[in-house]
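Listing of start12.tsv, TSV, N, CA and C atoms
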chain	number	residue	atom	x	y	z
A	1	VAL	N	0.84	-1.18	0.00
A	1	VAL	CA	0.00	0.00	0.00
A	1	VAL	C	0.89	1.24	0.00
A	2	GLN	N	0.66	2.13	-0.93
A	2	GLN	CA	1.37	3.40	-0.95
A	2	GLN	C	0.39	4.49	-0.57
A	3	LEU	N	0.84	5.42	0.24
A	3	LEU	CA	-0.05	6.45	0.76
A	3	LEU	C	0.52	7.83	0.48
A	4	GLN	N	-0.36	8.77	0.26
A	4	GLN	CA	0.04	10.16	0.07
A	4	GLN	C	-0.93	11.07	0.80
A	5	ALA	N	-0.42	11.79	1.77
A	5	ALA	CA	-1.24	12.72	2.54
A	5	ALA	C	-1.18	14.10	1.92
A	6	SER	N	-2.29	14.81	2.02
A	6	SER	CA	-2.36	16.17	1.49
A	6	SER	C	-3.41	16.95	2.26
A	7	GLY	N	-3.45	18.26	2.02
A	7	GLY	CA	-4.48	19.09	2.61
A	7	GLY	C	-4.02	19.99	3.73
A	8	GLY	N	-2.75	19.88	4.11
A	8	GLY	CA	-2.25	20.74	5.16
A	8	GLY	C	-2.15	22.19	4.71
A	9	GLY	N	-1.91	23.07	5.66
A	9	GLY	CA	-1.78	24.48	5.33
A	9	GLY	C	-1.79	25.34	6.57
A	10	LEU	N	-1.93	26.62	6.35
A	10	LEU	CA	-1.96	27.58	7.43
A	10	LEU	C	-3.41	28.00	7.69
A	11	VAL	N	-3.82	27.95	8.94
A	11	VAL	CA	-5.19	28.30	9.30
A	11	VAL	C	-5.16	29.04	10.63
A	12	GLN	N	-6.13	29.89	10.84
A	12	GLN	CA	-6.22	30.61	12.10
A	12	GLN	C	-6.87	29.75	13.18
A	13	THR	N	-6.63	30.12	14.41
A	13	THR	CA	-7.27	29.43	15.54
A	13	THR	C	-8.79	29.43	15.34
A	14	GLY	N	-9.37	28.26	15.56
A	14	GLY	CA	-10.80	28.10	15.37
A	14	GLY	C	-11.20	27.66	13.98
A	15	GLY	N	-10.27	27.66	13.08
A	15	GLY	CA	-10.56	27.29	11.70
A	15	GLY	C	-10.60	25.79	11.50
A	16	SER	N	-10.78	25.40	10.24
A	16	SER	CA	-10.92	23.99	9.88
A	16	SER	C	-10.02	23.64	8.71
A	17	LEU	N	-9.63	22.40	8.66
A	17	LEU	CA	-8.92	21.83	7.53
A	17	LEU	C	-9.36	20.39	7.36
A	18	ARG	N	-9.29	19.90	6.14
A	18	ARG	CA	-9.54	18.48	5.90
A	18	ARG	C	-8.31	17.89	5.22
A	19	LEU	N	-7.74	16.92	5.87
A	19	LEU	CA	-6.61	16.19	5.30
A	19	LEU	C	-7.12	14.98	4.55
A	20	SER	N	-6.43	14.64	3.48
A	20	SER	CA	-6.74	13.44	2.71
A	20	SER	C	-5.54	12.52	2.69
A	21	CYS	N	-5.81	11.26	2.62
A	21	CYS	CA	-4.77	10.24	2.52
A	21	CYS	C	-5.16	9.33	1.37
A	22	ALA	N	-4.52	9.51	0.24
A	22	ALA	CA	-4.83	8.72	-0.95
A	22	ALA	C	-3.96	7.48	-0.98
A	23	GLY	N	-4.60	6.33	-1.13
A	23	GLY	CA	-3.87	5.08	-1.16
A	23	GLY	C	-3.89	4.43	-2.53
A	24	SER	N	-2.89	3.65	-2.80
A	24	SER	CA	-2.85	2.89	-4.05
A	24	SER	C	-2.71	1.42	-3.70
A	25	GLY	N	-3.16	0.59	-4.58
A	25	GLY	CA	-3.08	-0.84	-4.30
A	25	GLY	C	-4.43	-1.40	-3.88
A	26	ARG	N	-4.63	-2.65	-4.24
A	26	ARG	CA	-5.93	-3.27	-4.01
A	26	ARG	C	-6.17	-3.60	-2.54
A	27	THR	N	-5.12	-3.55	-1.71
A	27	THR	CA	-5.29	-3.93	-0.31
A	27	THR	C	-5.61	-2.75	0.60
A	28	PHE	N	-5.80	-1.56	0.05
A	28	PHE	CA	-6.10	-0.39	0.89
A	28	PHE	C	-7.28	-0.68	1.79
A	29	ALA	N	-8.32	-1.26	1.23
A	29	ALA	CA	-9.56	-1.47	1.96
A	29	ALA	C	-9.45	-2.52	3.06
A	30	THR	N	-8.37	-3.27	3.09
A	30	THR	CA	-8.21	-4.31	4.11
A	30	THR	C	-7.33	-3.86	5.27
A	31	HIS	N	-6.89	-2.61	5.21
A	31	HIS	CA	-6.01	-2.09	6.25
A	31	HIS	C	-6.69	-1.00	7.07
A	32	ALA	N	-6.42	-1.00	8.35
A	32	ALA	CA	-6.81	0.14	9.18
A	32	ALA	C	-5.94	1.34	8.80
A	33	ILE	N	-6.47	2.51	9.00
A	33	ILE	CA	-5.73	3.75	8.74
A	33	ILE	C	-5.52	4.49	10.06
A	34	GLY	N	-4.33	4.95	10.25
A	34	GLY	CA	-4.03	5.77	11.41
A	34	GLY	C	-3.56	7.14	10.97
A	35	TRP	N	-4.01	8.15	11.67
A	35	TRP	CA	-3.46	9.50	11.49
A	35	TRP	C	-2.59	9.80	12.70
A	36	PHE	N	-1.39	10.25	12.44
A	36	PHE	CA	-0.44	10.58	13.48
A	36	PHE	C	0.02	12.02	13.25
A	37	ARG	N	0.61	12.59	14.28
A	37	ARG	CA	1.20	13.91	14.10
A	37	ARG	C	2.47	14.04	14.94
A	38	GLN	N	3.33	14.91	14.47
A	38	GLN	CA	4.57	15.17	15.20
A	38	GLN	C	4.85	16.66	15.17
A	39	ALA	N	4.80	17.25	16.35
A	39	ALA	CA	5.12	18.67	16.47
A	39	ALA	C	6.63	18.83	16.62
A	40	SER	N	7.12	19.99	16.30
A	40	SER	CA	8.55	20.26	16.37
A	40	SER	C	9.06	20.01	17.79
A	41	GLY	N	10.09	19.19	17.90
A	41	GLY	CA	10.70	18.90	19.19
A	41	GLY	C	9.95	17.91	20.05
A	42	LYS	N	8.88	17.35	19.51
A	42	LYS	CA	8.08	16.39	20.28
A	42	LYS	C	8.04	15.04	19.59
A	43	GLU	N	7.63	14.04	20.35
A	43	GLU	CA	7.50	12.71	19.77
A	43	GLU	C	6.22	12.61	18.94
A	44	ARG	N	6.24	11.69	18.00
A	44	ARG	CA	5.05	11.44	17.22
A	44	ARG	C	3.95	10.87	18.10
A	45	GLU	N	2.72	11.29	17.86
A	45	GLU	CA	1.60	10.80	18.64
A	45	GLU	C	0.46	10.41	17.71
A	46	ILE	N	-0.32	9.47	18.18
A	46	ILE	CA	-1.47	9.04	17.40
A	46	ILE	C	-2.61	10.03	17.59
A	47	VAL	N	-3.32	10.28	16.53
A	47	VAL	CA	-4.45	11.21	16.56
A	47	VAL	C	-5.76	10.45	16.43
A	48	THR	N	-5.84	9.63	15.40
A	48	THR	CA	-7.08	8.94	15.07
A	48	THR	C	-6.76	7.61	14.40
A	49	THR	N	-7.54	6.60	14.68
A	49	THR	CA	-7.47	5.37	13.89
A	49	THR	C	-8.85	5.07	13.33
A	50	ILE	N	-8.85	4.50	12.15
A	50	ILE	CA	-10.09	4.17	11.45
A	50	ILE	C	-9.98	2.72	11.02
A	51	SER	N	-10.94	1.91	11.42
A	51	SER	CA	-10.90	0.49	11.04
A	51	SER	C	-11.03	0.35	9.53
A	52	TRP	N	-10.78	-0.86	9.04
A	52	TRP	CA	-10.80	-1.08	7.59
A	52	TRP	C	-12.17	-0.76	7.01
A	53	SER	N	-13.22	-1.01	7.78
A	53	SER	CA	-14.58	-0.75	7.30
A	53	SER	C	-15.00	0.69	7.51
A	54	GLY	N	-14.29	1.38	8.39
A	54	GLY	CA	-14.69	2.73	8.74
A	54	GLY	C	-15.70	2.78	9.87
A	55	ASN	N	-16.11	1.62	10.35
A	55	ASN	CA	-17.15	1.59	11.38
A	55	ASN	C	-16.62	1.85	12.78
A	56	ASN	N	-15.35	1.65	12.96
A	56	ASN	CA	-14.76	1.84	14.29
A	56	ASN	C	-13.64	2.86	14.22
A	57	THR	N	-13.70	3.81	15.13
A	57	THR	CA	-12.68	4.86	15.18
A	57	THR	C	-12.20	5.05	16.61
A	58	TYR	N	-11.00	5.56	16.72
A	58	TYR	CA	-10.42	5.91	18.02
A	58	TYR	C	-9.90	7.33	17.90
A	59	TYR	N	-10.03	8.09	18.97
A	59	TYR	CA	-9.52	9.46	18.96
A	59	TYR	C	-8.70	9.71	20.22
A	60	ALA	N	-7.60	10.39	20.05
A	60	ALA	CA	-6.84	10.84	21.20
A	60	ALA	C	-7.70	11.86	21.97
A	61	ASP	N	-7.52	11.90	23.27
A	61	ASP	CA	-8.33	12.81	24.09
A	61	ASP	C	-8.19	14.26	23.63
A	62	SER	N	-7.03	14.59	23.16
A	62	SER	CA	-6.76	15.99	22.79
A	62	SER	C	-7.55	16.46	21.57
A	63	VAL	N	-8.11	15.51	20.80
A	63	VAL	CA	-8.83	15.90	19.58
A	63	VAL	C	-10.29	15.46	19.58
A	64	LYS	N	-10.70	14.76	20.62
A	64	LYS	CA	-12.10	14.29	20.67
A	64	LYS	C	-13.07	15.45	20.58
A	65	GLY	N	-14.08	15.25	19.75
A	65	GLY	CA	-15.08	16.29	19.58
A	65	GLY	C	-14.72	17.35	18.56
A	66	ARG	N	-13.47	17.34	18.12
A	66	ARG	CA	-13.03	18.34	17.15
A	66	ARG	C	-12.61	17.71	15.82
A	67	PHE	N	-12.02	16.54	15.89
A	67	PHE	CA	-11.53	15.85	14.69
A	67	PHE	C	-12.43	14.67	14.37
A	68	THR	N	-12.57	14.38	13.08
A	68	THR	CA	-13.34	13.23	12.63
A	68	THR	C	-12.57	12.50	11.55
A	69	GLY	N	-12.35	11.22	11.78
A	69	GLY	CA	-11.69	10.38	10.78
A	69	GLY	C	-12.73	9.60	9.99
A	70	SER	N	-12.50	9.45	8.71
A	70	SER	CA	-13.40	8.68	7.87
A	70	SER	C	-12.62	8.12	6.69
A	71	ARG	N	-13.27	7.28	5.93
A	71	ARG	CA	-12.63	6.71	4.74
A	71	ARG	C	-13.67	6.37	3.71
A	72	ASP	N	-13.24	6.35	2.46
A	72	ASP	CA	-14.05	5.94	1.33
A	72	ASP	C	-13.24	4.90	0.59
A	73	ASN	N	-13.50	3.64	0.85
A	73	ASN	CA	-12.70	2.58	0.24
A	73	ASN	C	-12.88	2.50	-1.27
A	74	ALA	N	-14.01	2.95	-1.76
A	74	ALA	CA	-14.22	2.97	-3.21
A	74	ALA	C	-13.25	3.93	-3.88
A	75	LYS	N	-12.83	4.94	-3.14
A	75	LYS	CA	-11.87	5.92	-3.68
A	75	LYS	C	-10.47	5.71	-3.14
A	76	ASN	N	-10.27	4.67	-2.34
A	76	ASN	CA	-8.96	4.42	-1.72
A	76	ASN	C	-8.44	5.66	-1.00
A	77	THR	N	-9.32	6.30	-0.28
A	77	THR	CA	-8.94	7.56	0.37
A	77	THR	C	-9.50	7.60	1.80
A	78	ALA	N	-8.67	8.10	2.70
A	78	ALA	CA	-9.09	8.36	4.07
A	78	ALA	C	-9.01	9.85	4.33
A	79	TYR	N	-9.76	10.30	5.31
A	79	TYR	CA	-9.84	11.73	5.57
A	79	TYR	C	-9.69	12.01	7.06
A	80	LEU	N	-9.24	13.20	7.35
A	80	LEU	CA	-9.22	13.69	8.73
A	80	LEU	C	-9.79	15.11	8.70
A	81	GLN	N	-11.02	15.24	9.16
A	81	GLN	CA	-11.64	16.55	9.24
A	81	GLN	C	-11.27	17.16	10.58
A	82	MET	N	-10.67	18.32	10.53
A	82	MET	CA	-10.19	18.97	11.75
A	82	MET	C	-10.91	20.31	11.91
A	83	ASN	N	-11.67	20.41	12.97
A	83	ASN	CA	-12.42	21.64	13.28
A	83	ASN	C	-11.91	22.24	14.57
A	84	SER	N	-12.27	23.49	14.79
A	84	SER	CA	-11.89	24.20	16.03
A	84	SER	C	-10.40	24.04	16.32
A	85	LEU	N	-9.62	24.28	15.31
A	85	LEU	CA	-8.17	24.08	15.45
A	85	LEU	C	-7.55	25.03	16.44
A	86	LYS	N	-6.54	24.51	17.13
A	86	LYS	CA	-5.82	25.27	18.16
A	86	LYS	C	-4.34	25.34	17.77
A	87	PRO	N	-3.63	26.31	18.29
A	87	PRO	CA	-2.19	26.39	17.99
A	87	PRO	C	-1.45	25.10	18.34
A	88	GLU	N	-1.89	24.42	19.39
A	88	GLU	CA	-1.23	23.18	19.78
A	88	GLU	C	-1.48	22.03	18.80
A	89	ASP	N	-2.34	22.22	17.84
A	89	ASP	CA	-2.53	21.23	16.79
A	89	ASP	C	-1.48	21.35	15.69
A	90	THR	N	-0.67	22.39	15.76
A	90	THR	CA	0.37	22.59	14.76
A	90	THR	C	1.35	21.42	14.77
A	91	ALA	N	1.52	20.79	13.63
A	91	ALA	CA	2.38	19.60	13.53
A	91	ALA	C	2.43	19.14	12.09
A	92	VAL	N	3.32	18.21	11.83
A	92	VAL	CA	3.29	17.47	10.58
A	92	VAL	C	2.39	16.27	10.80
A	93	TYR	N	1.42	16.11	9.95
A	93	TYR	CA	0.46	15.02	10.06
A	93	TYR	C	0.79	13.94	9.04
A	94	TYR	N	0.73	12.71	9.51
A	94	TYR	CA	1.03	11.55	8.68
A	94	TYR	C	-0.15	10.59	8.69
A	95	CYS	N	-0.35	9.90	7.58
A	95	CYS	CA	-1.28	8.78	7.57
A	95	CYS	C	-0.47	7.50	7.39
A	96	ALA	N	-1.02	6.43	7.95
A	96	ALA	CA	-0.35	5.14	7.89
A	96	ALA	C	-1.40	4.06	7.78
A	97	ALA	N	-1.00	2.93	7.22
A	97	ALA	CA	-1.91	1.80	7.06
A	97	ALA	C	-1.32	0.57	7.72
A	98	GLY	N	-2.18	-0.24	8.29
A	98	GLY	CA	-1.69	-1.45	8.93
A	98	GLY	C	-2.83	-2.24	9.53
A	99	ASN	N	-2.46	-3.21	10.33
A	99	ASN	CA	-3.45	-4.04	11.02
A	99	ASN	C	-2.93	-4.44	12.38
A	100	ARG	N	-3.86	-4.74	13.27
A	100	ARG	CA	-3.52	-5.20	14.63
A	100	ARG	C	-2.58	-4.22	15.33
A	101	GLY	N	-2.79	-2.95	15.05
A	101	GLY	CA	-2.01	-1.93	15.75
A	101	GLY	C	-0.63	-1.69	15.20
A	102	GLU	N	-0.24	-2.43	14.19
A	102	GLU	CA	1.08	-2.23	13.57
A	102	GLU	C	0.91	-1.55	12.23
A	103	TYR	N	1.50	-0.39	12.10
A	103	TYR	CA	1.37	0.39	10.88
A	103	TYR	C	2.64	0.22	10.06
A	104	ARG	N	2.52	-0.50	8.96
A	104	ARG	CA	3.68	-0.83	8.14
A	104	ARG	C	3.90	0.17	7.02
A	105	TYR	N	2.84	0.80	6.59
A	105	TYR	CA	2.93	1.65	5.41
A	105	TYR	C	2.65	3.10	5.82
A	106	TRP	N	3.55	3.98	5.41
A	106	TRP	CA	3.44	5.37	5.82
A	106	TRP	C	3.49	6.29	4.61
A	107	GLY	N	2.71	7.34	4.67
A	107	GLY	CA	2.79	8.37	3.66
A	107	GLY	C	3.73	9.47	4.11
A	108	GLN	N	4.02	10.39	3.21
A	108	GLN	CA	4.82	11.54	3.60
A	108	GLN	C	3.93	12.47	4.40
A	109	GLY	N	4.47	13.31	5.19
A	109	GLY	CA	3.68	14.17	6.04
A	109	GLY	C	3.16	15.40	5.32
A	110	THR	N	2.15	15.98	5.94
A	110	THR	CA	1.63	17.26	5.45
A	110	THR	C	1.56	18.21	6.65
A	111	LEU	N	2.08	19.42	6.46
A	111	LEU	CA	2.22	20.34	7.57
A	111	LEU	C	0.94	21.14	7.82
A	112	VAL	N	0.53	21.13	9.08
A	112	VAL	CA	-0.60	21.94	9.51
A	112	VAL	C	-0.08	22.99	10.49
A	113	THR	N	-0.34	24.24	10.19
A	113	THR	CA	0.08	25.33	11.06
A	113	THR	C	-1.14	26.13	11.48
A	114	VAL	N	-1.34	26.25	12.78
A	114	VAL	CA	-2.47	26.99	13.31
A	114	VAL	C	-1.94	28.25	13.99
A	115	SER	N	-2.31	29.37	13.46
A	115	SER	CA	-1.82	30.65	14.01
A	115	SER	C	-2.75	31.15	15.10
A	116	SER	N	-2.16	31.79	16.08
A	116	SER	CA	-2.96	32.30	17.21
A	116	SER	C	-3.42	33.73	16.96

For this file, write the structure as structure tokens.
Amino acid sequence: VQLQASGGGLVQTGGSLRLSCAGSGRTFATHAIGWFRQASGKEREIVTTISWSGNNTYYADSVKGRFTGSRDNAKNTAYLQMNSLKPEDTAVYYCAAGNRGEYRYWGQGTLVTVSS
């Protein structure tokens, strides 16, 4: 599975962005998708996971109620809708694919900057 994340940019506090993760390969639909982020000087952290079917999701406490993960397997694409953005959401966001909690396939990151 090859992945490519896009949709990052500069947004003001309180604004919204939608990230996309385009996958290639016939096995995209059989893998869970994880969205991760890494802020400058900090360790990478998980943001959201989306099961292969899209029916089950997990959210880090820091983004619950503000971020929504989804996927469209017919389009081999996963999404991360980010609302009510805060400066602390500033990071490089990555999407990854895998199963059983192990993410083997990673896309390049997309930078999200939230200005105060």

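Here the residues within chain A that DSSP labels helix (DSSP H, G or I) on the basis of the backbone are Phe28, Ala29, Thr30, Asn73, Ala74, Lys75, Pro87, Glu88 and Asp89 of chain A.
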
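The closest residue to Gln81 (chain A), picked from A:Ser53, A:Ser116, A:Ser20, A:Thr30 and counting all atoms listed in the file, is A:Ser20.
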
- Query: What's the 10 Å shell around region 62-76 of chain A, counting only C-alpha atoms, without same-chain residues fewer than 5 positions away, as JSON, numbers by chain?
  - Reply: {"A": [3, 16, 17, 18, 19, 20, 21, 22, 23, 24, 25, 26, 27, 28, 29, 30, 32, 33, 34, 35, 47, 48, 49, 50, 51, 52, 53, 54, 55, 56, 57, 81, 82, 83, 84, 85, 86, 88, 89]}

- Query: DSSP on the backbone: what in chain A comes out strand (DSSP E), as a ChimeraX atom specification?
  - Reply: /A:2-6,9-12,17-24,32-38,45-50,57-59,67-72,77-82,91-99,102-106,110-115

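Distance-wise, atom N of Ser6 (chain A) and atom N of Tyr59 (chain A) end up 19.8 Å apart.
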
- Query: Just how far from atom C of Leu80 (chain A) is CA of Val114 (chain A), in Å to one decimal?
  - Reply: 14.7 Å

With all atoms of region 56-74 of chain A from the file as input, state the centre and edge lengths in Å to one decimal of the axis-aligned box that has 4 Å extra on each side, as lines of an AutoDock Vina configuration file.
center_x = -11.1
center_y = 10.0
center_z = 10.1
size_x = 16.6
size_y = 24.7
size_z = 36.0

- Message: With 9 Å as the threshold, what does the neighbourhood of (1.8, 16.7, 12.5) contain in terms of residues, counting only C-alpha atoms? Coordinates are those of the file; answer as a PyMOL selection string.
- Response: chain A and resi 35-40+44-45+89-94+109-113

Just the selected residues (N, CA and C atoms), exported as a PDB file, in the frame of the given file, please.
ATOM      1  N   TRP A  35      -4.010   8.150  11.670  1.00  0.00           N
ATOM      2  CA  TRP A  35      -3.460   9.500  11.490  1.00  0.00           C
ATOM      3  C   TRP A  35      -2.590   9.800  12.700  1.00  0.00           C
ATOM      4  N   PHE A  36      -1.390  10.250  12.440  1.00  0.00           N
ATOM      5  CA  PHE A  36      -0.440  10.580  13.480  1.00  0.00           C
ATOM      6  C   PHE A  36       0.020  12.020  13.250  1.00  0.00           C
ATOM      7  N   ARG A  37       0.610  12.590  14.280  1.00  0.00           N
ATOM      8  CA  ARG A  37       1.200  13.910  14.100  1.00  0.00           C
ATOM      9  C   ARG A  37       2.470  14.040  14.940  1.00  0.00           C
ATOM     10  N   GLN A  38       3.330  14.910  14.470  1.00  0.00           N
ATOM     11  CA  GLN A  38       4.570  15.170  15.200  1.00  0.00           C
ATOM     12  C   GLN A  38       4.850  16.660  15.170  1.00  0.00           C
ATOM     13  N   ALA A  39       4.800  17.250  16.350  1.00  0.00           N
ATOM     14  CA  ALA A  39       5.120  18.670  16.470  1.00  0.00           C
ATOM     15  C   ALA A  39       6.630  18.830  16.620  1.00  0.00           C
ATOM     16  N   SER A  40       7.120  19.990  16.300  1.00  0.00           N
ATOM     17  CA  SER A  40       8.550  20.260  16.370  1.00  0.00           C
ATOM     18  C   SER A  40       9.060  20.010  17.790  1.00  0.00           C
ATOM     19  N   ARG A  44       6.240  11.690  18.000  1.00  0.00           N
ATOM     20  CA  ARG A  44       5.050  11.440  17.220  1.00  0.00           C
ATOM     21  C   ARG A  44       3.950  10.870  18.100  1.00  0.00           C
ATOM     22  N   GLU A  45       2.720  11.290  17.860  1.00  0.00           N
ATOM     23  CA  GLU A  45       1.600  10.800  18.640  1.00  0.00           C
ATOM     24  C   GLU A  45       0.460  10.410  17.710  1.00  0.00           C
ATOM     25  N   ASP A  89      -2.340  22.220  17.840  1.00  0.00           N
ATOM     26  CA  ASP A  89      -2.530  21.230  16.790  1.00  0.00           C
ATOM     27  C   ASP A  89      -1.480  21.350  15.690  1.00  0.00           C
ATOM     28  N   THR A  90      -0.670  22.390  15.760  1.00  0.00           N
ATOM     29  CA  THR A  90       0.370  22.590  14.760  1.00  0.00           C
ATOM     30  C   THR A  90       1.350  21.420  14.770  1.00  0.00           C
ATOM     31  N   ALA A  91       1.520  20.790  13.630  1.00  0.00           N
ATOM     32  CA  ALA A  91       2.380  19.600  13.530  1.00  0.00           C
ATOM     33  C   ALA A  91       2.430  19.140  12.090  1.00  0.00           C
ATOM     34  N   VAL A  92       3.320  18.210  11.830  1.00  0.00           N
ATOM     35  CA  VAL A  92       3.290  17.470  10.580  1.00  0.00           C
ATOM     36  C   VAL A  92       2.390  16.270  10.800  1.00  0.00           C
ATOM     37  N   TYR A  93       1.420  16.110   9.950  1.00  0.00           N
ATOM     38  CA  TYR A  93       0.460  15.020  10.060  1.00  0.00           C
ATOM     39  C   TYR A  93       0.790  13.940   9.040  1.00  0.00           C
ATOM     40  N   TYR A  94       0.730  12.710   9.510  1.00  0.00           N
ATOM     41  CA  TYR A  94       1.030  11.550   8.680  1.00  0.00           C
ATOM     42  C   TYR A  94      -0.150  10.590   8.690  1.00  0.00           C
ATOM     43  N   GLY A 109       4.470  13.310   5.190  1.00  0.00           N
ATOM     44  CA  GLY A 109       3.680  14.170   6.040  1.00  0.00           C
ATOM     45  C   GLY A 109       3.160  15.400   5.320  1.00  0.00           C
ATOM     46  N   THR A 110       2.150  15.980   5.940  1.00  0.00           N
ATOM     47  CA  THR A 110       1.630  17.260   5.450  1.00  0.00           C
ATOM     48  C   THR A 110       1.560  18.210   6.650  1.00  0.00           C
ATOM     49  N   LEU A 111       2.080  19.420   6.460  1.00  0.00           N
ATOM     50  CA  LEU A 111       2.220  20.340   7.570  1.00  0.00           C
ATOM     51  C   LEU A 111       0.940  21.140   7.820  1.00  0.00           C
ATOM     52  N   VAL A 112       0.530  21.130   9.080  1.00  0.00           N
ATOM     53  CA  VAL A 112      -0.600  21.940   9.510  1.00  0.00           C
ATOM     54  C   VAL A 112      -0.080  22.990  10.490  1.00  0.00           C
ATOM     55  N   THR A 113      -0.340  24.240  10.190  1.00  0.00           N
ATOM     56  CA  THR A 113       0.080  25.330  11.060  1.00  0.00           C
ATOM     57  C   THR A 113      -1.140  26.130  11.480  1.00  0.00           C
TER      58      THR A 113
END

Write region 36-43 of chain A as a tab-separated table (two decimals), keeping the file's coordinate frame, completed to all heavy atoms.
chain	number	residue	atom	x	y	z
A	36	PHE	N	-1.39	10.25	12.44
A	36	PHE	CA	-0.44	10.58	13.48
A	36	PHE	C	0.02	12.02	13.25
A	36	PHE	O	-0.14	12.57	12.16
A	36	PHE	CB	0.78	9.65	13.41
A	36	PHE	CG	0.46	8.20	13.63
A	36	PHE	CD1	-0.08	7.42	12.62
A	36	PHE	CD2	0.70	7.60	14.87
A	36	PHE	CE1	-0.39	6.07	12.82
A	36	PHE	CE2	0.41	6.27	15.08
A	36	PHE	CZ	-0.14	5.51	14.06
A	37	ARG	N	0.61	12.59	14.28
A	37	ARG	CA	1.20	13.91	14.10
A	37	ARG	C	2.47	14.04	14.94
A	37	ARG	O	2.63	13.38	15.93
A	37	ARG	CB	0.20	15.02	14.47
A	37	ARG	CG	-0.16	15.09	15.95
A	37	ARG	CD	-1.24	16.13	16.16
A	37	ARG	NE	-1.62	16.25	17.58
A	37	ARG	CZ	-2.62	17.01	18.01
A	37	ARG	NH1	-3.37	17.71	17.16
A	37	ARG	NH2	-2.88	17.07	19.30
A	38	GLN	N	3.33	14.91	14.47
A	38	GLN	CA	4.57	15.17	15.20
A	38	GLN	C	4.85	16.66	15.17
A	38	GLN	O	5.07	17.24	14.10
A	38	GLN	CB	5.75	14.40	14.60
A	38	GLN	CG	7.01	14.51	15.41
A	38	GLN	CD	8.06	13.50	15.04
A	38	GLN	OE1	8.03	12.93	13.94
A	38	GLN	NE2	8.99	13.23	15.92
A	39	ALA	N	4.80	17.25	16.35
A	39	ALA	CA	5.12	18.67	16.47
A	39	ALA	C	6.63	18.83	16.62
A	39	ALA	O	7.33	17.89	17.03
A	39	ALA	CB	4.40	19.26	17.67
A	40	SER	N	7.12	19.99	16.30
A	40	SER	CA	8.55	20.26	16.37
A	40	SER	C	9.06	20.01	17.79
A	40	SER	O	8.51	20.54	18.76
A	40	SER	CB	8.82	21.70	15.95
A	40	SER	OG	10.20	21.98	16.02
A	41	GLY	N	10.09	19.19	17.90
A	41	GLY	CA	10.70	18.90	19.19
A	41	GLY	C	9.95	17.91	20.05
A	41	GLY	O	10.33	17.68	21.20
A	42	LYS	N	8.88	17.35	19.51
A	42	LYS	CA	8.08	16.39	20.28
A	42	LYS	C	8.04	15.04	19.59
A	42	LYS	O	8.34	14.92	18.41
A	42	LYS	CB	6.66	16.94	20.49
A	42	LYS	CG	6.61	18.20	21.33
A	42	LYS	CD	5.17	18.59	21.62
A	42	LYS	CE	5.10	19.82	22.52
A	42	LYS	NZ	3.69	20.20	22.84
A	43	GLU	N	7.63	14.04	20.35
A	43	GLU	CA	7.50	12.71	19.77
A	43	GLU	C	6.22	12.61	18.94
A	43	GLU	O	5.25	13.33	19.17
A	43	GLU	CB	7.47	11.65	20.89
A	43	GLU	CG	8.79	11.54	21.63
A	43	GLU	CD	8.78	10.38	22.62
A	43	GLU	OE1	7.71	9.75	22.79
A	43	GLU	OE2	9.83	10.10	23.21
